[in-house]
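Data block below; observations after.
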Amino acid sequence: MSRRRAIVAAAAAAVLALGAGCSVDSPDGRSGGAATPSLVPASQRWWDDRTFYEVFVRSFQDSDGDGAGDLRGLIDRLDELNDGDPGTTADLGVTGLWLMPIFPSPSYHGYDVTDYRSVNPDYGTTEDLRALLAAAHQRGIAVILDLPLNHTSTEHPWFQASRSGQGQYADWYVWRDGTSDETGPWGQQVWHPDGNRSYLGVFWEGMPDLDLRSEAVTAELEDVARQWLELGVDGFRLDGAQHLVEQDGEYANTQANKDWLTGFNAAVKQVDPDALLVGEIWAPSMTSASYVPGQVDLAFDFTTADAASSGAASGLMDSLLDSTETNLTNYPDWQVGVFTDNHDRDRLASLAADDPDRLRMIATWLLTQPGTPFLYYGQEIGLPGQKPDEQIRTPLPWTGRDPAGDFTSGQPWQPLADGWQARNVAAQSADPRSLLSHYRRLLAARAATPALRTGSFTRLDVSASDGFAYLRTLDGQRALVVGNASDQPLADLAVTLPDAGTGAWTSLLGQDVGQPEGTIYVPVGTLAPWDTLVLVQGS
């Protein structure tokens with residue numbers, strides 16, 4: 001067993017020590033027909049039991065007062081994410097971290113890299129990263145790095161050398177003579193003049209595309225991955241994974257693109273067979289799913305995220321459940337990254353008009369789905385934000401104290417989102433009915449209930465059009481999710497179970513629930529607007 005596998009196994013054992021099917025204390029201290037075919041994954045990987053948390057290091061916690069978050073600040077806050085003790089309830093309970101780019105870069109976001117082999121001085125040093133990995137692994141948290149392979153910064157020494165057209169780096173980027181008005185996947189200019197030549201930059205002129213058809217470039221990037229894996233990272237999130245290699249005037253999802261990723265995947269697995277590759281393939285589900293498992297281990301599903309955004313705005317859940325069923329069909333062994341928020345999308349809190357009840361409903365859906373869930377820092381407190389991008393990457397307020405909510409003792413690199421004095425981690429930690437408390441209960445329920453992590457999925461009939469229900473089943477344990485996707489209470493919402501099952505149903509979120517008579521189940525007399533139930537039967 002590899003070192004990484006041993007860490008993962010130990011963490012899983014610790015999580016399961018909570019006990020399958022245990023109930024989670026409620027805010028007031030209590031404990032608590034026709035169906036779609038059941039779809040079951042053929043096998044599980046270590047990440048199937050994980051919930052990842054995307055961190056923009058610059059906005060998470062500043063340890064030195066310069067206004068920018070850093071790795072030492074993240075280490076200081078790890079216990080807020082997972083303190084390593086499954087018996088405590090004051091941490092969020094995530095078991096994976098995805099760090100947005102931490103490499104040197106001239107930009108605030110870091111996706112235009114100038115050195116793949118070192119840490120951005122704004123964030124610290126390689127030794128700080130090593131310390132973070134040790135502290136995270138000690139708590140059972142896996143760590144993956146964001147790796148932008150499609151392009152570098154124009155300030156990267158490779159590009160500066162390549163501009164001459166001579167020497168070692170001449171063919172490390174994609175050049176053509178003269179100019180071109182060719183446009184890219186979203187109608188953007190992709191060829192950028194430089195003297196009497198032009199270079200390819202699919203995303204913008206400050207990010208020239210590496211020529212991954214070059215054996216030297218490929219060998220260098222594979223060695224970059226090896227360096228960070230040997231340092232102790234658990235894998236990579238691959239930025240823009242559908243745009244890596246253009247072919248015949250196509251800039252996305254080419255066969256050459258897939259072929260290159262297949263080779264990169266093999267090189268990574270040769271260094272560490274357990275390393276995780278997560279692909280950002282911003283495309284319809286059928287396209288993103290086609291990269292699994294040959295090119296990446298998991299692919300983010302943007303169709304589902306779009307449905308979540310629509311659900312947050314409208315309250316409609318049908319498209320979300322449709323997306324879940326589509327994912328189960330499309331993604332082999334359910335190797336899909338499910339998410340609602342990330343660093344490129346308007347935050348769900350803003351789309352839901354800052355309605356905490358609606359956000360709780362979407363949170364329940366996200367953390368009771370098949371696949372591997374990914375949270376975006378701040379979504380657990382309903383952090384708002386809409387484009388431009390800086391406004392969806394604002395610093396996380398830890399308290400309501402001036403000057404910057406204990407994010408920094410100095411001037412924050414970006415103003416905090418409006419309302420931070422009331423909407424912050426400390427305030428919601430003290431409120432058992434807050435969105436943060438709901439996320440903590442959901443993560444504890446998922447950790448304690450194998451059926452919620454890797455069980456089969458069956459969509460169920462309900463008696464009201466605004467209601468929804470689905471069943472997760474694994475080895476005799478069943479988890480039932482029931483919800484009211486409306487702003488009106490639902491009385492006597494009835495769920496049609498495939499069979500009565502064995503044993504009593506218990507709430508994982510603390511509500512008092514009744515028991516079914518046969519296969520028609522009315523768990524509560526009245527389900528409040530946007531409320532959800534998560535119930536378990538069997539151990």
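Convention: chains lettered A, B, ... in structure tokens order; per-chain residue numbering from 1; ligands numbered from 1 as shown.
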
Please report, as CSV, each residue of region 328-378 of chain A lying at most 7 Å from region 53-71 of chain A, together with the nearest pair of atoms and the separation in Å rounded to one decimal; use only C-alpha atoms, and order rows by chain and ascending residue number.
residue,atom,partner,partner_atom,distance
A:Phe374,CA,A:Tyr53,CA,5.6
A:Leu375,CA,A:Tyr53,CA,4.7
A:Tyr376,CA,A:Glu54,CA,4.7
A:Tyr377,CA,A:Val55,CA,5.6

For the residues in the current selection, export all heavy atoms as an mmCIF file, in the first residue's frame.
data_model
loop_
_atom_site.group_PDB
_atom_site.id
_atom_site.type_symbol
_atom_site.label_atom_id
_atom_site.label_comp_id
_atom_site.auth_asym_id
_atom_site.auth_seq_id
_atom_site.Cartn_x
_atom_site.Cartn_y
_atom_site.Cartn_z
ATOM 1 N N PHE A 374 -17.701 18.865 -4.708
ATOM 2 C CA PHE A 374 -16.710 19.926 -4.547
ATOM 3 C C PHE A 374 -17.422 21.186 -4.069
ATOM 4 O O PHE A 374 -18.386 21.633 -4.706
ATOM 5 C CB PHE A 374 -15.991 20.220 -5.869
ATOM 6 C CG PHE A 374 -14.969 19.195 -6.264
ATOM 7 C CD1 PHE A 374 -15.364 17.965 -6.781
ATOM 8 C CD2 PHE A 374 -13.609 19.439 -6.124
ATOM 9 C CE1 PHE A 374 -14.430 17.007 -7.157
ATOM 10 C CE2 PHE A 374 -12.666 18.497 -6.490
ATOM 11 C CZ PHE A 374 -13.071 17.276 -7.002
ATOM 12 N N LEU A 375 -16.958 21.730 -2.949
ATOM 13 C CA LEU A 375 -17.463 22.995 -2.437
ATOM 14 C C LEU A 375 -16.469 24.101 -2.794
ATOM 15 O O LEU A 375 -15.268 23.846 -2.926
ATOM 16 C CB LEU A 375 -17.636 22.951 -0.918
ATOM 17 C CG LEU A 375 -18.390 21.763 -0.315
ATOM 18 C CD1 LEU A 375 -18.476 21.913 1.202
ATOM 19 C CD2 LEU A 375 -19.769 21.629 -0.923
ATOM 20 N N TYR A 376 -16.966 25.315 -2.909
ATOM 21 C CA TYR A 376 -16.130 26.489 -3.165
ATOM 22 C C TYR A 376 -16.087 27.317 -1.889
ATOM 23 O O TYR A 376 -17.142 27.609 -1.307
ATOM 24 C CB TYR A 376 -16.708 27.293 -4.327
ATOM 25 C CG TYR A 376 -15.923 28.512 -4.739
ATOM 26 C CD1 TYR A 376 -14.541 28.482 -4.846
ATOM 27 C CD2 TYR A 376 -16.582 29.694 -5.061
ATOM 28 C CE1 TYR A 376 -13.828 29.603 -5.257
ATOM 29 C CE2 TYR A 376 -15.876 30.821 -5.483
ATOM 30 C CZ TYR A 376 -14.504 30.765 -5.567
ATOM 31 O OH TYR A 376 -13.796 31.881 -5.967
ATOM 32 N N TYR A 377 -14.890 27.689 -1.465
ATOM 33 C CA TYR A 377 -14.759 28.386 -0.185
ATOM 34 C C TYR A 377 -15.808 29.499 -0.081
ATOM 35 O O TYR A 377 -16.056 30.252 -1.019
ATOM 36 C CB TYR A 377 -13.337 28.955 -0.029
ATOM 37 C CG TYR A 377 -13.135 30.306 -0.697
ATOM 38 C CD1 TYR A 377 -13.229 31.482 0.038
ATOM 39 C CD2 TYR A 377 -12.890 30.401 -2.056
ATOM 40 C CE1 TYR A 377 -13.075 32.725 -0.573
ATOM 41 C CE2 TYR A 377 -12.737 31.635 -2.677
ATOM 42 C CZ TYR A 377 -12.832 32.789 -1.930
ATOM 43 O OH TYR A 377 -12.695 34.024 -2.537
#

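Counting only C-alpha atoms and comparing A:Thr324, A:Phe407, A:Pro356, A:Ile141, the residue that lies closest to Gly73 (chain A) is A:Phe407.
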
Pick out the residues sitting within 9 Å of region 93-100 of chain A, and hand them over as a ChimeraX atom specification; count only C-alpha atoms, and ignore anything fewer than 2 positions along from it in its own chain. /A:11,47,49-57,80-84,86,89-91,102,109-111,136,139-147,236-237,343,374-375,439-440,443-444,447

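Using only C-alpha atoms, the shortest contact distance between Tyr521 (chain A) and any of A:Pro284, A:Pro498, A:Pro185, A:Gly165 is found at A:Pro498.
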
Which residues in region 81-314 of chain A does DSSP call helix (DSSP H, G or I)? List them as a VMD selection string. chain A and resid 81 126 to 138 157 to 162 215 to 231 255 to 271 285 to 289 302 to 314

Taking only C-alpha atoms into account, which of A:Leu435, A:Trp228, A:Gln168, A:Arg472 comes nearest Val119 (chain A)?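 Under the stated criterion, the closest residue is A:Trp228.
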
From a backbone DSSP assignment, name each residue in region 142-237 of chain A labelled strand (DSSP E), as an MDAnalysis selection string. chainID A and resid 142:147 175:177 191:194 197:200 235:237

Selection: 12 Å around Ala451 (chain A), only C-alpha atoms, excl. self and same-chain fewer than 5 positions, as a ChimeraX atom specification: /A:20-21,40-41,48-49,367-371,445-446,456-458,471-481,534-539

Take the residues from that selection and write them out as a PDB file, in the first residue's frame, keeping C-alpha atoms.
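Result file part_38.pdb:
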ATOM      1  CA  ALA A  20     -23.175   4.221   9.802  1.00  0.00           C
ATOM      2  CA  GLY A  21     -26.560   5.846   9.983  1.00  0.00           C
ATOM      3  CA  VAL A  40     -24.855   1.048  -9.048  1.00  0.00           C
ATOM      4  CA  PRO A  41     -21.159   1.902  -9.556  1.00  0.00           C
ATOM      5  CA  ASP A  48     -15.394   8.389  -3.954  1.00  0.00           C
ATOM      6  CA  ASP A  49     -15.606   8.847  -0.173  1.00  0.00           C
ATOM      7  CA  LEU A 367     -24.154  16.491  -0.544  1.00  0.00           C
ATOM      8  CA  THR A 368     -26.551  13.580  -1.049  1.00  0.00           C
ATOM      9  CA  GLN A 369     -25.666  13.035  -4.727  1.00  0.00           C
ATOM     10  CA  PRO A 370     -23.656  10.270  -6.356  1.00  0.00           C
ATOM     11  CA  GLY A 371     -20.195  11.388  -7.439  1.00  0.00           C
ATOM     12  CA  ALA A 445     -24.372  12.683   7.618  1.00  0.00           C
ATOM     13  CA  ARG A 446     -22.564  11.876   4.369  1.00  0.00           C
ATOM     14  CA  SER A 456     -27.276   3.341  -5.863  1.00  0.00           C
ATOM     15  CA  PHE A 457     -29.634   6.144  -6.898  1.00  0.00           C
ATOM     16  CA  THR A 458     -33.387   5.745  -7.485  1.00  0.00           C
ATOM     17  CA  LEU A 471     -33.291   6.826  -2.587  1.00  0.00           C
ATOM     18  CA  ARG A 472     -29.651   5.825  -2.143  1.00  0.00           C
ATOM     19  CA  THR A 473     -29.013   2.143  -1.333  1.00  0.00           C
ATOM     20  CA  LEU A 474     -25.879   0.200  -0.383  1.00  0.00           C
ATOM     21  CA  ASP A 475     -25.520  -3.230   1.237  1.00  0.00           C
ATOM     22  CA  GLY A 476     -28.821  -3.174   3.106  1.00  0.00           C
ATOM     23  CA  GLN A 477     -28.621   0.497   4.083  1.00  0.00           C
ATOM     24  CA  ARG A 478     -31.038   2.965   2.515  1.00  0.00           C
ATOM     25  CA  ALA A 479     -30.902   6.770   2.613  1.00  0.00           C
ATOM     26  CA  LEU A 480     -34.009   8.703   1.599  1.00  0.00           C
ATOM     27  CA  VAL A 481     -33.976  12.378   0.611  1.00  0.00           C
ATOM     28  CA  VAL A 534     -32.438  13.080   4.933  1.00  0.00           C
ATOM     29  CA  LEU A 535     -33.432   9.744   6.438  1.00  0.00           C
ATOM     30  CA  VAL A 536     -31.626   6.452   6.905  1.00  0.00           C
ATOM     31  CA  GLN A 537     -32.871   2.882   7.276  1.00  0.00           C
ATOM     32  CA  GLY A 538     -30.563   0.026   8.182  1.00  0.00           C
ATOM     33  CA  SER A 539     -26.904   0.064   9.191  1.00  0.00           C
TER      34      SER A 539
END

For CA of Arg77 (chain A) and CA of Trp413 (chain A), quote the distance in Å rounded to one decimal. 18.8 Å
